[in-house]
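Structure file query_4.pdb (PDB, C-alpha atoms) is printed below.
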MODEL        1
ATOM      1  CA  MET T 966     -20.637  -2.573  -7.175
ATOM      2  CA  ARG T 967     -18.425  -5.678  -6.869
ATOM      3  CA  LEU T 968     -16.080  -7.247  -9.400
ATOM      4  CA  ASN T 969     -14.519 -10.586  -8.548
ATOM      5  CA  LEU T 970     -11.020 -11.133  -9.865
ATOM      6  CA  PRO T 971      -8.698 -14.149  -9.667
ATOM      7  CA  GLN T 972      -6.647 -14.876  -6.541
ATOM      8  CA  ASP T 973      -9.266 -13.479  -4.153
ATOM      9  CA  GLN T 974      -8.795  -9.965  -5.491
ATOM     10  CA  THR T 975     -12.001  -7.946  -5.204
ATOM     11  CA  LEU T 976     -12.911  -4.406  -6.171
ATOM     12  CA  ILE T 977     -15.833  -3.051  -4.183
ATOM     13  CA  GLY T 978     -17.409   0.377  -3.818
ATOM     14  CA  GLU T 979     -20.397   2.587  -4.546
ATOM     15  CA  SER T 980     -19.007   6.116  -4.245
ATOM     16  CA  PRO T 981     -19.203   8.333  -7.361
ATOM     17  CA  ALA T 982     -15.389   8.561  -7.535
ATOM     18  CA  PHE T 983     -15.064   4.761  -7.509
ATOM     19  CA  LEU T 984     -17.811   4.175 -10.087
ATOM     20  CA  GLU T 985     -16.221   6.722 -12.433
ATOM     21  CA  ILE T 986     -12.919   4.835 -12.263
ATOM     22  CA  ILE T 987     -14.682   1.544 -12.981
ATOM     23  CA  ASP T 988     -16.339   3.066 -16.056
ATOM     24  CA  GLN T 989     -13.003   4.464 -17.227
ATOM     25  CA  CYS T 990     -11.381   1.038 -16.805
ATOM     26  CA  SER T 991     -14.128  -0.655 -18.785
ATOM     27  CA  ARG T 992     -13.557   1.750 -21.673
ATOM     28  CA  ALA T 993      -9.777   1.332 -21.551
ATOM     29  CA  ALA T 994     -10.039  -2.466 -21.422
ATOM     30  CA  ARG T 995     -11.553  -2.540 -24.902
ATOM     31  CA  HIS T 996      -8.491  -1.257 -26.722
ATOM     32  CA  ASP T 997      -5.058  -2.863 -26.925
ATOM     33  CA  ARG T 998      -2.794   0.098 -26.199
ATOM     34  CA  PRO T 999      -0.721   0.880 -23.077
ATOM     35  CA  VAL T1000      -2.375   2.327 -19.982
ATOM     36  CA  LEU T1001      -0.928   4.186 -16.996
ATOM     37  CA  VAL T1002      -2.484   3.736 -13.551
ATOM     38  CA  ILE T1003      -1.599   6.557 -11.142
ATOM     39  CA  GLY T1004      -2.421   6.704  -7.456
ATOM     40  CA  GLU T1005      -1.186   7.031  -3.901
ATOM     41  CA  ARG T1006       0.195   3.988  -2.109
ATOM     42  CA  GLY T1007      -2.490   1.551  -1.066
ATOM     43  CA  THR T1008      -5.168   2.708  -3.530
ATOM     44  CA  GLY T1009      -5.352  -0.610  -5.400
ATOM     45  CA  LYS T1010      -3.377   0.052  -8.575
ATOM     46  CA  GLU T1011      -2.618  -3.664  -9.025
ATOM     47  CA  LEU T1012      -6.339  -4.521  -8.839
ATOM     48  CA  ILE T1013      -7.139  -1.970 -11.530
ATOM     49  CA  ALA T1014      -4.388  -3.433 -13.709
ATOM     50  CA  ALA T1015      -5.865  -6.903 -13.229
ATOM     51  CA  ARG T1016      -9.309  -5.595 -14.162
ATOM     52  CA  LEU T1017      -7.915  -4.056 -17.346
ATOM     53  CA  HIS T1018      -6.435  -7.423 -18.317
ATOM     54  CA  PHE T1019      -9.296  -9.744 -17.432
ATOM     55  CA  LEU T1020     -11.915  -7.565 -19.144
ATOM     56  CA  SER T1021      -9.805  -7.233 -22.286
ATOM     57  CA  PRO T1022      -9.660  -9.506 -25.358
ATOM     58  CA  ARG T1023      -6.371 -10.791 -23.882
ATOM     59  CA  TRP T1024      -8.053 -12.253 -20.789
ATOM     60  CA  GLU T1025      -7.065 -15.814 -21.722
ATOM     61  CA  GLY T1026      -3.405 -14.821 -22.043
ATOM     62  CA  SER T1027      -0.883 -14.384 -19.240
ATOM     63  CA  PHE T1028      -1.102 -11.531 -16.761
ATOM     64  CA  VAL T1029       2.540 -11.031 -15.753
ATOM     65  CA  GLN T1030       3.510  -8.642 -12.946
ATOM     66  CA  VAL T1031       6.913  -7.054 -12.305
ATOM     67  CA  ASN T1032       7.726  -4.752  -9.393
ATOM     68  CA  CYS T1033      10.334  -2.507 -10.989
ATOM     69  CA  ALA T1034      11.354  -0.988  -7.651
ATOM     70  CA  ALA T1035      12.293  -4.372  -6.188
ATOM     71  CA  LEU T1036      15.124  -5.052  -8.654
ATOM     72  CA  PRO T1037      18.420  -3.219  -9.273
ATOM     73  CA  GLU T1038      19.024  -1.844 -12.759
ATOM     74  CA  ASN T1039      21.116  -4.729 -14.091
ATOM     75  CA  LEU T1040      18.689  -7.387 -12.843
ATOM     76  CA  LEU T1041      15.617  -5.481 -14.018
ATOM     77  CA  GLU T1042      16.728  -5.562 -17.645
ATOM     78  CA  SER T1043      17.411  -9.286 -17.361
ATOM     79  CA  GLU T1044      14.010  -9.780 -15.715
ATOM     80  CA  LEU T1045      12.203  -7.926 -18.489
ATOM     81  CA  PHE T1046      14.122  -8.999 -21.577
ATOM     82  CA  GLY T1047      15.912 -12.200 -20.524
ATOM     83  CA  HIS T1048      19.550 -13.112 -21.070
ATOM     84  CA  GLU T1049      21.750 -15.613 -22.825
ATOM     85  CA  ALA T1050      24.036 -18.037 -21.017
ATOM     86  CA  GLY T1051      27.307 -16.298 -20.198
ATOM     87  CA  ALA T1052      25.871 -12.805 -20.706
ATOM     88  CA  PHE T1053      27.173 -11.774 -17.282
ATOM     89  CA  THR T1054      28.612 -13.329 -14.151
ATOM     90  CA  GLY T1055      26.177 -15.861 -12.790
ATOM     91  CA  ALA T1056      24.225 -16.246 -16.035
ATOM     92  CA  SER T1057      24.939 -19.943 -16.478
ATOM     93  CA  VAL T1058      21.841 -20.720 -18.543
ATOM     94  CA  ARG T1059      19.566 -18.888 -20.938
ATOM     95  CA  ARG T1060      16.578 -17.210 -19.290
ATOM     96  CA  ILE T1061      13.509 -15.888 -21.061
ATOM     97  CA  GLY T1062      12.267 -12.507 -19.892
ATOM     98  CA  ARG T1063       8.859 -11.311 -18.830
ATOM     99  CA  PHE T1064       8.095  -9.904 -22.275
ATOM    100  CA  GLU T1065       8.409 -13.380 -23.753
ATOM    101  CA  GLU T1066       6.424 -14.832 -20.867
ATOM    102  CA  ALA T1067       3.625 -12.314 -21.395
ATOM    103  CA  ASP T1068       3.363 -12.874 -25.167
ATOM    104  CA  ASN T1069      -0.290 -12.460 -26.252
ATOM    105  CA  GLY T1070      -1.088 -11.250 -22.745
ATOM    106  CA  THR T1071      -0.487  -8.271 -20.463
ATOM    107  CA  LEU T1072       2.665  -7.101 -18.688
ATOM    108  CA  PHE T1073       2.008  -5.027 -15.550
ATOM    109  CA  LEU T1074       5.005  -2.859 -14.634
ATOM    110  CA  ASP T1075       4.437  -1.647 -11.094
ATOM    111  CA  GLU T1076       6.530   1.328  -9.905
ATOM    112  CA  ILE T1077       7.507   2.000 -13.507
ATOM    113  CA  ALA T1078       8.919   5.425 -12.582
ATOM    114  CA  THR T1079      11.843   3.727 -10.802
ATOM    115  CA  THR T1080      13.253   2.226 -14.018
ATOM    116  CA  SER T1081      16.569   3.574 -15.284
ATOM    117  CA  LEU T1082      16.781   5.709 -18.425
ATOM    118  CA  ALA T1083      18.557   2.798 -20.167
ATOM    119  CA  ALA T1084      15.688   0.433 -19.354
ATOM    120  CA  GLN T1085      13.201   3.096 -20.429
ATOM    121  CA  GLU T1086      14.899   3.281 -23.830
ATOM    122  CA  LYS T1087      14.400  -0.458 -24.307
ATOM    123  CA  LEU T1088      10.808  -0.190 -23.111
ATOM    124  CA  LEU T1089      10.219   2.524 -25.698
ATOM    125  CA  ARG T1090      11.452   0.236 -28.471
ATOM    126  CA  VAL T1091       9.157  -2.562 -27.333
ATOM    127  CA  THR T1092       6.119  -0.279 -27.172
ATOM    128  CA  GLU T1093       6.860   1.131 -30.640
ATOM    129  CA  TYR T1094       7.944  -1.975 -32.535
ATOM    130  CA  GLY T1095       7.225  -4.957 -30.303
ATOM    131  CA  SER T1096      10.868  -6.001 -30.600
ATOM    132  CA  PHE T1097      13.750  -6.443 -28.149
ATOM    133  CA  GLN T1098      16.957  -8.403 -27.592
ATOM    134  CA  ARG T1099      17.970 -10.611 -24.722
ATOM    135  CA  ILE T1100      21.042  -9.425 -22.823
ATOM    136  CA  GLY T1101      24.094 -10.947 -24.502
ATOM    137  CA  SER T1102      22.338 -11.587 -27.815
ATOM    138  CA  ASN T1103      22.159  -9.768 -31.154
ATOM    139  CA  LYS T1104      19.022 -11.626 -32.199
ATOM    140  CA  THR T1105      15.893  -9.493 -32.358
ATOM    141  CA  LEU T1106      12.821 -11.075 -30.782
ATOM    142  CA  HIS T1107       9.194 -10.045 -31.120
ATOM    143  CA  SER T1108       6.453 -10.172 -28.540
ATOM    144  CA  ASP T1109       2.800  -9.145 -28.647
ATOM    145  CA  VAL T1110       2.327  -7.618 -25.206
ATOM    146  CA  ARG T1111       0.066  -4.960 -23.769
ATOM    147  CA  ILE T1112       1.862  -2.812 -21.168
ATOM    148  CA  ILE T1113       0.163  -1.419 -18.094
ATOM    149  CA  GLY T1114       2.362   0.831 -15.968
ATOM    150  CA  ALA T1115       1.675   2.028 -12.444
ATOM    151  CA  THR T1116       3.270   4.643 -10.204
ATOM    152  CA  ASN T1117       2.517   6.924  -7.275
ATOM    153  CA  ILE T1118       4.460   9.917  -8.616
ATOM    154  CA  ASP T1119       3.609  12.628 -11.137
ATOM    155  CA  LEU T1120       5.230  11.359 -14.332
ATOM    156  CA  PRO T1121       5.003  14.619 -16.355
ATOM    157  CA  THR T1122       6.951  16.374 -13.594
ATOM    158  CA  ALA T1123       9.472  13.515 -13.495
ATOM    159  CA  ALA T1124       9.884  13.822 -17.270
ATOM    160  CA  ASP T1125      10.445  17.581 -17.001
ATOM    161  CA  ARG T1126      13.206  16.880 -14.453
ATOM    162  CA  GLY T1127      14.847  14.391 -16.823
ATOM    163  CA  ALA T1128      14.057  11.358 -14.625
ATOM    164  CA  PHE T1129      11.583   9.851 -17.099
ATOM    165  CA  ARG T1130      11.684   9.893 -20.902
ATOM    166  CA  HIS T1131       9.125  12.190 -22.502
ATOM    167  CA  ASP T1132       8.842   9.959 -25.566
ATOM    168  CA  LEU T1133       8.112   6.875 -23.438
ATOM    169  CA  LEU T1134       5.573   8.831 -21.435
ATOM    170  CA  ASP T1135       3.827   9.830 -24.652
ATOM    171  CA  ARG T1136       3.672   6.179 -25.738
ATOM    172  CA  LEU T1137       2.297   4.951 -22.422
ATOM    173  CA  ALA T1138      -0.222   7.704 -21.795
ATOM    174  CA  LEU T1139      -2.934   6.877 -24.316
ATOM    175  CA  ASP T1140      -5.146   6.285 -21.278
ATOM    176  CA  VAL T1141      -4.234   7.518 -17.789
ATOM    177  CA  ILE T1142      -6.363   6.249 -14.906
ATOM    178  CA  THR T1143      -5.834   8.277 -11.730
ATOM    179  CA  LEU T1144      -7.202   6.523  -8.656
ATOM    180  CA  PRO T1145      -8.905   8.537  -5.906
ATOM    181  CA  PRO T1146      -7.547   8.188  -2.362
ATOM    182  CA  LEU T1147      -9.794   6.563   0.221
ATOM    183  CA  ARG T1148     -10.534   9.952   1.827
ATOM    184  CA  ALA T1149     -12.304  10.853  -1.444
ATOM    185  CA  ARG T1150     -14.359   7.625  -1.238
ATOM    186  CA  ARG T1151     -16.064   8.104   2.145
ATOM    187  CA  ASP T1152     -19.108   6.085   1.059
ATOM    188  CA  ASP T1153     -16.877   3.044   0.516
ATOM    189  CA  ILE T1154     -15.061   2.951   3.870
ATOM    190  CA  MET T1155     -17.601   0.806   5.726
ATOM    191  CA  LEU T1156     -18.185  -1.449   2.708
ATOM    192  CA  LEU T1157     -14.482  -2.216   2.572
ATOM    193  CA  ALA T1158     -14.183  -2.493   6.350
ATOM    194  CA  ALA T1159     -17.008  -5.050   6.475
ATOM    195  CA  GLN T1160     -15.433  -7.059   3.659
ATOM    196  CA  PHE T1161     -12.047  -7.180   5.396
ATOM    197  CA  GLY T1162     -13.646  -7.973   8.747
ATOM    198  CA  GLN T1163     -15.721 -10.840   7.383
ATOM    199  CA  ARG T1164     -12.689 -12.339   5.681
ATOM    200  CA  VAL T1165     -10.643 -12.405   8.904
ATOM    201  CA  ALA T1166     -13.639 -13.673  10.864
ATOM    202  CA  GLN T1167     -13.707 -16.671   8.525
ATOM    203  CA  GLU T1168      -9.988 -17.213   9.131
ATOM    204  CA  ARG T1169     -10.716 -17.270  12.872
ATOM    205  CA  ASN T1170     -13.489 -19.818  12.252
ATOM    206  CA  TRP T1171     -16.140 -17.496  13.623
ATOM    207  CA  THR T1172     -19.709 -18.468  12.795
ATOM    208  CA  SER T1173     -20.571 -14.816  12.122
ATOM    209  CA  PHE T1174     -19.046 -11.357  12.011
ATOM    210  CA  PRO T1175     -20.384  -9.044  14.760
ATOM    211  CA  GLY T1176     -19.829  -5.789  12.889
ATOM    212  CA  PHE T1177     -18.643  -2.513  14.414
ATOM    213  CA  SER T1178     -19.749  -0.392  17.351
ATOM    214  CA  ALA T1179     -21.216   3.044  16.642
ATOM    215  CA  ASP T1180     -18.100   4.681  18.093
ATOM    216  CA  MET T1181     -15.803   2.671  15.855
ATOM    217  CA  ILE T1182     -17.898   3.425  12.773
ATOM    218  CA  ALA T1183     -17.626   7.141  13.540
ATOM    219  CA  ALA T1184     -13.868   6.861  14.039
ATOM    220  CA  LEU T1185     -13.366   4.884  10.822
ATOM    221  CA  ASN T1186     -15.260   7.509   8.848
ATOM    222  CA  ALA T1187     -13.466  10.433  10.512
ATOM    223  CA  TYR T1188      -9.897   9.208   9.938
ATOM    224  CA  ARG T1189      -8.113  10.437   6.784
ATOM    225  CA  TRP T1190      -6.428   7.104   5.889
ATOM    226  CA  PRO T1191      -3.072   8.293   4.494
ATOM    227  CA  GLY T1192      -2.255   4.639   3.712
ATOM    228  CA  ASN T1193      -5.589   4.263   1.900
ATOM    229  CA  ILE T1194      -7.204   0.842   1.403
ATOM    230  CA  ARG T1195      -4.115  -1.091   2.464
ATOM    231  CA  GLU T1196      -4.015   0.784   5.777
ATOM    232  CA  LEU T1197      -7.750   0.227   6.333
ATOM    233  CA  LYS T1198      -7.293  -3.479   5.675
ATOM    234  CA  ASN T1199      -4.482  -3.711   8.229
ATOM    235  CA  VAL T1200      -6.475  -1.820  10.876
ATOM    236  CA  ILE T1201      -9.575  -4.002  10.458
ATOM    237  CA  GLU T1202      -7.567  -7.233  10.470
ATOM    238  CA  ARG T1203      -5.834  -6.085  13.665
ATOM    239  CA  ALA T1204      -9.181  -5.302  15.301
ATOM    240  CA  VAL T1205     -10.633  -8.723  14.462
ATOM    241  CA  TYR T1206      -7.553 -10.644  15.579
ATOM    242  CA  HIS T1207      -7.484  -8.706  18.871
ATOM    243  CA  ALA T1208     -11.205  -9.232  19.558
ATOM    244  CA  GLU T1209     -11.963 -11.598  22.420
ATOM    245  CA  ASP T1210     -15.140 -13.108  20.975
ATOM    246  CA  GLU T1211     -17.323 -13.130  17.888
ATOM    247  CA  PHE T1212     -20.443 -11.743  19.562
ATOM    248  CA  THR T1213     -19.430  -8.202  20.591
ATOM    249  CA  PRO T1214     -19.237  -5.511  17.886
ATOM    250  CA  LEU T1215     -15.673  -4.391  17.330
ATOM    251  CA  SER T1216     -14.871  -1.225  19.271
ATOM    252  CA  LEU T1217     -11.081  -0.980  19.576
ATOM    253  CA  LEU T1218      -9.494   1.039  16.769
ATOM    254  CA  GLU T1219      -5.714   0.714  16.808
ATOM    255  CA  ILE T1220      -4.322   2.822  13.987
ATOM    256  CA  ASP T1221      -0.637   2.754  14.896
ATOM    257  CA  PRO T1222       0.621  -0.559  16.334
ATOM    258  CA  PHE T1223       3.966   1.104  17.118
ATOM    259  CA  GLN T1224       2.401   3.639  19.484
ATOM    260  CA  SER T1225       3.832   2.999  22.939
ATOM    261  CA  PRO T1226       5.292   5.051  25.798
ATOM    262  CA  PHE T1227       8.435   2.925  25.376
ATOM    263  CA  ARG T1228       8.837   3.471  21.641
ATOM    264  CA  PRO T1229      12.466   4.333  20.754
ATOM    265  CA  ARG T1230      12.794   7.887  19.489
ATOM    266  CA  SER T1231      16.409   7.828  18.295
ATOM    267  CA  SER T1232      17.666   6.518  14.987
ATOM    268  CA  PRO T1233      20.439   3.876  15.037
ATOM    269  CA  ALA T1234      22.891   6.513  13.800
ATOM    270  CA  ALA T1235      21.920   8.868  16.642
ATOM    271  CA  ILE T1236      22.318   6.071  19.186
ATOM    272  CA  ARG T1237      25.799   5.305  17.856
ATOM    273  CA  ASP T1238      26.714   9.003  18.114
ATOM    274  CA  GLU T1239      25.501   9.092  21.722
ATOM    275  CA  ASP T1240      27.636   6.048  22.538
ATOM    276  CA  LYS T1241      30.711   7.861  21.230
ATOM    277  CA  ASN T1242      30.216  10.880  23.515
ATOM    278  CA  PRO T1243      32.288  10.885  26.748
ATOM    279  CA  PRO T1244      30.470  10.602  30.120
ATOM    280  CA  ARG T1245      29.122  13.818  31.580
ATOM    281  CA  SER T1246      30.910  15.518  34.454
ATOM    282  CA  GLN T1247      30.596  13.794  37.829
ATOM    283  CA  ASN T1248      30.980  17.195  39.508
ATOM    284  CA  ASN T1249      27.778  18.479  37.974
ATOM    285  CA  PRO T1250      24.903  16.038  38.661
ATOM    286  CA  SER T1251      22.492  18.021  36.514
ATOM    287  CA  ALA T1252      24.741  17.420  33.513
ATOM    288  CA  ASN T1253      23.874  13.711  33.714
ATOM    289  CA  ILE T1254      20.112  14.301  33.516
ATOM    290  CA  LEU T1255      18.765  13.628  30.039
ATOM    291  CA  PRO T1256      16.426  16.277  28.606
ATOM    292  CA  VAL T1257      12.722  15.385  28.727
ATOM    293  CA  ASP T1258       9.979  16.443  26.320
ATOM    294  CA  TYR T1259       7.281  17.200  28.880
ATOM    295  CA  ALA T1260       4.344  17.204  26.449
ATOM    296  CA  GLN T1261       5.486  13.954  24.860
ATOM    297  CA  ALA T1262       5.905  12.274  28.255
ATOM    298  CA  VAL T1263       2.426  13.369  29.394
ATOM    299  CA  THR T1264       0.871  12.184  26.134
ATOM    300  CA  ALA T1265       2.565   8.791  26.464
ATOM    301  CA  LEU T1266       1.365   8.435  30.090
ATOM    302  CA  GLU T1267      -2.224   9.383  29.162
ATOM    303  CA  TYR T1268      -2.213   6.840  26.352
ATOM    304  CA  LYS T1269      -0.872   4.118  28.657
ATOM    305  CA  LEU T1270      -3.507   4.843  31.317
ATOM    306  CA  LEU T1271      -6.359   4.877  28.789
ATOM    307  CA  LYS T1272      -5.241   1.667  27.095
ATOM    308  CA  GLY T1273      -4.795  -0.061  30.448
ATOM    309  CA  ALA T1274      -8.221   1.054  31.688
ATOM    310  CA  LEU T1275      -9.934  -0.171  28.522
ATOM    311  CA  LYS T1276      -8.236  -3.547  28.748
ATOM    312  CA  ALA T1277      -8.985  -3.918  32.479
ATOM    313  CA  ASN T1278     -12.662  -3.185  31.846
ATOM    314  CA  LYS T1279     -12.986  -5.322  28.699
ATOM    315  CA  TYR T1280     -13.249  -2.151  26.568
ATOM    316  CA  ASN T1281     -16.480  -1.037  28.228
ATOM    317  CA  GLN T1282     -16.191   2.729  28.023
ATOM    318  CA  ARG T1283     -18.512   3.609  30.900
ATOM    319  CA  ASP T1284     -16.735   1.221  33.267
ATOM    320  CA  SER T1285     -13.376   2.564  32.034
ATOM    321  CA  ALA T1286     -14.517   6.121  32.805
ATOM    322  CA  LYS T1287     -15.378   5.140  36.383
ATOM    323  CA  PHE T1288     -12.073   3.287  36.676
ATOM    324  CA  LEU T1289     -10.197   6.511  35.822
ATOM    325  CA  ASN T1290     -12.528   8.749  37.837
ATOM    326  CA  LEU T1291     -13.608  10.559  34.681
ATOM    327  CA  SER T1292     -17.032  11.366  33.313
ATOM    328  CA  TYR T1293     -18.115   9.406  30.271
ATOM    329  CA  HIS T1294     -17.764  12.478  28.058
ATOM    330  CA  GLN T1295     -14.305  13.238  29.453
ATOM    331  CA  LEU T1296     -13.198   9.695  28.637
ATOM    332  CA  ARG T1297     -14.628   9.938  25.121
ATOM    333  CA  HIS T1298     -12.691  13.172  24.564
ATOM    334  CA  GLN T1299      -9.458  11.537  25.690
ATOM    335  CA  LEU T1300     -10.042   8.435  23.571
ATOM    336  CA  LYS T1301     -10.564  10.609  20.485
ATOM    337  CA  LYS T1302      -7.506  12.674  21.337
ATOM    338  CA  HIS T1303      -5.340   9.532  21.421
ATOM    339  CA  GLN T1304      -7.073   7.863  18.430
ATOM    340  CA  LEU T1305      -8.382   5.004  20.554
ATOM    341  CA  LEU T1306     -11.867   5.268  19.074
TER
ENDMDL
END
Using structure tokens, write down the structure that the file contains.
Amino acid sequence: MRLNLPQDQTLIGESPAFLEIIDQCSRAARHDRPVLVIGERGTGKELIAARLHFLSPRWEGSFVQVNCAALPENLLESELFGHEAGAFTGASVRRIGRFEEADNGTLFLDEIATTSLAAQEKLLRVTEYGSFQRIGSNKTLHSDVRIIGATNIDLPTAADRGAFRHDLLDRLALDVITLPPLRARRDDIMLLAAQFGQRVAQERNWTSFPGFSADMIAALNAYRWPGNIRELKNVIERAVYHAEDEFTPLSLLEIDPFQSPFRPRSSPAAIRDEDKNPPRSQNNPSANILPVDYAQAVTALEYKLLKGALKANKYNQRDSAKFLNLSYHQLRHQLKKHQLL
């Protein structure tokens, strides 16, 4: 099933878990009350919010998005409710807030769990009465807005800890849509991978998309995708951009672009602490030898050799096996071990 949304946003899938969410969204889109969208990072919460808006009676109104985690508390309230000129330092002119901007439309509050308790109190008033005040004003304004909130944390638990208002949670939770992670949508992995691959192939001006090798398909389906759809998208885009031509099925799966035998292992703070330590004794040469993690060093060397052999042999696995004096099955085992399949 495919649903095309504005701004090249597309929902696609055929797994039972995905189709159930689509049905739930269609039901929730009919009413005009708040909705909460819950899910791990990268599961597409913003796309579900857009679907709720554009399938609702408000579809001709504004769909306004605010990332609550990207703004500090004082700026978030100004962003949501607006402010009058002179309300605080730097407020030289009046500014309307997102609630006014979204009048007769939908306001999507991403990362809503990061809002302060003070902001939550104002959000509660808006959801109950549709009224609010700009910062620095005593005038009560009214706005007809549908709120969709999204988060990747368990809000009932946050409310029990006092980090989220129970009364606001009750107001927002008429419908709660909990998105499945990609590992629960195995039937959709290759559909999504093909969509992302074709899109990047067009950006590279390829005349066609060559698809994926059997080994890469197996690896894509076997991986657990902790970063969900966003991680899959990044991996596929990386594979297409690194491909040498448009005629050979993609075969190089690079999950972690930071993986390298030269990757720094110390944090900046640890490096600063090391710099403060006095030199080791010149009378004891062994005291100047840095400790080595043997297993880590061997793993890094194996990875470097495998990656170099693949590149030298244009990613032909049988030629790479001969290059390393390994059997084909030994090479395949090593490639799987180092997530190079």
Just so the selection is clear, what residues does the PyMOL selection byres ((chain T and resi 1144) around 6) cover here, as a VMD selection string? chain T and resid 1004 1143 1145
Export of prior selection with C-alpha atoms as a tab-separated table (two decimals), in the frame of the given file:
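Here's the written file part.tsv:
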chain	number	residue	atom	x	y	z
T	1004	GLY	CA	-2.42	6.70	-7.46
T	1143	THR	CA	-5.83	8.28	-11.73
T	1145	PRO	CA	-8.90	8.54	-5.91
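Non-sequential neighbours of Arg1195 in chain T (distance at most 9 Å, separation of 5 or more positions within a chain, all atoms listed in the file) are Arg1006, Gly1007, Thr1008, Gly1009 and Val1200 of chain T.
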Pick from T:His1048, T:Lys1301, T:Ile1113, T:Leu1289, whichever lies nearest to Ile1220 in chain T using all atoms listed in the file: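 The answer is T:Lys1301, which sits nearest to Ile1220 in chain T.
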Tell me which of T:Ile1118, T:Leu1156, T:Leu1045, T:Val1058 sits closest to Gln1085 in chain T, counting all atoms listed in the file.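 For Gln1085 in chain T, the nearest of the given residues is T:Leu1045.
Across the model, the gap from CA of Ala1015 in chain T to CA of Gln989 in chain T is 14.0 Å.
Between CA of Asp1180 in chain T and CA of Glu1219 in chain T lies a distance of 13.1 Å.
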Where atoms are lacking, range 1023-1038 of chain T completed to N, CA and C atoms, as a compact mmCIF listing (two decimals), keeping the file's coordinate frame:
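See result_19.txt below for the written result:
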# COMPACT_ATOMS: atom_id res chain seq x y z
N ARG T 1023 -7.53 -9.97 -24.24
CA ARG T 1023 -6.37 -10.79 -23.88
C ARG T 1023 -6.60 -11.61 -22.61
N TRP T 1024 -7.81 -11.69 -22.11
CA TRP T 1024 -8.05 -12.25 -20.79
C TRP T 1024 -7.60 -13.71 -20.66
N GLU T 1025 -7.52 -14.43 -21.80
CA GLU T 1025 -7.06 -15.81 -21.72
C GLU T 1025 -5.54 -15.92 -21.74
N GLY T 1026 -4.86 -14.82 -22.05
CA GLY T 1026 -3.40 -14.82 -22.04
C GLY T 1026 -2.86 -14.59 -20.64
N SER T 1027 -1.54 -14.54 -20.54
CA SER T 1027 -0.88 -14.38 -19.24
C SER T 1027 -1.00 -12.95 -18.74
N PHE T 1028 -1.17 -12.82 -17.43
CA PHE T 1028 -1.10 -11.53 -16.76
C PHE T 1028 0.15 -11.57 -15.89
N VAL T 1029 1.23 -10.94 -16.38
CA VAL T 1029 2.54 -11.03 -15.75
C VAL T 1029 2.84 -9.73 -15.02
N GLN T 1030 3.25 -9.82 -13.76
CA GLN T 1030 3.51 -8.64 -12.95
C GLN T 1030 4.99 -8.54 -12.61
N VAL T 1031 5.52 -7.33 -12.68
CA VAL T 1031 6.91 -7.05 -12.30
C VAL T 1031 6.93 -5.81 -11.43
N ASN T 1032 7.52 -5.92 -10.25
CA ASN T 1032 7.73 -4.75 -9.39
C ASN T 1032 9.09 -4.16 -9.73
N CYS T 1033 9.08 -3.09 -10.50
CA CYS T 1033 10.33 -2.51 -10.99
C CYS T 1033 11.20 -1.97 -9.85
N ALA T 1034 10.58 -1.56 -8.75
CA ALA T 1034 11.35 -0.99 -7.65
C ALA T 1034 12.09 -2.05 -6.85
N ALA T 1035 11.70 -3.32 -7.01
CA ALA T 1035 12.29 -4.37 -6.19
C ALA T 1035 13.59 -4.93 -6.77
N LEU T 1036 13.95 -4.49 -7.98
CA LEU T 1036 15.12 -5.05 -8.65
C LEU T 1036 16.12 -3.95 -9.01
N PRO T 1037 17.42 -4.19 -8.82
CA PRO T 1037 18.42 -3.22 -9.27
C PRO T 1037 18.44 -3.15 -10.79
N GLU T 1038 19.07 -2.11 -11.31
CA GLU T 1038 19.02 -1.84 -12.76
C GLU T 1038 19.47 -3.03 -13.60
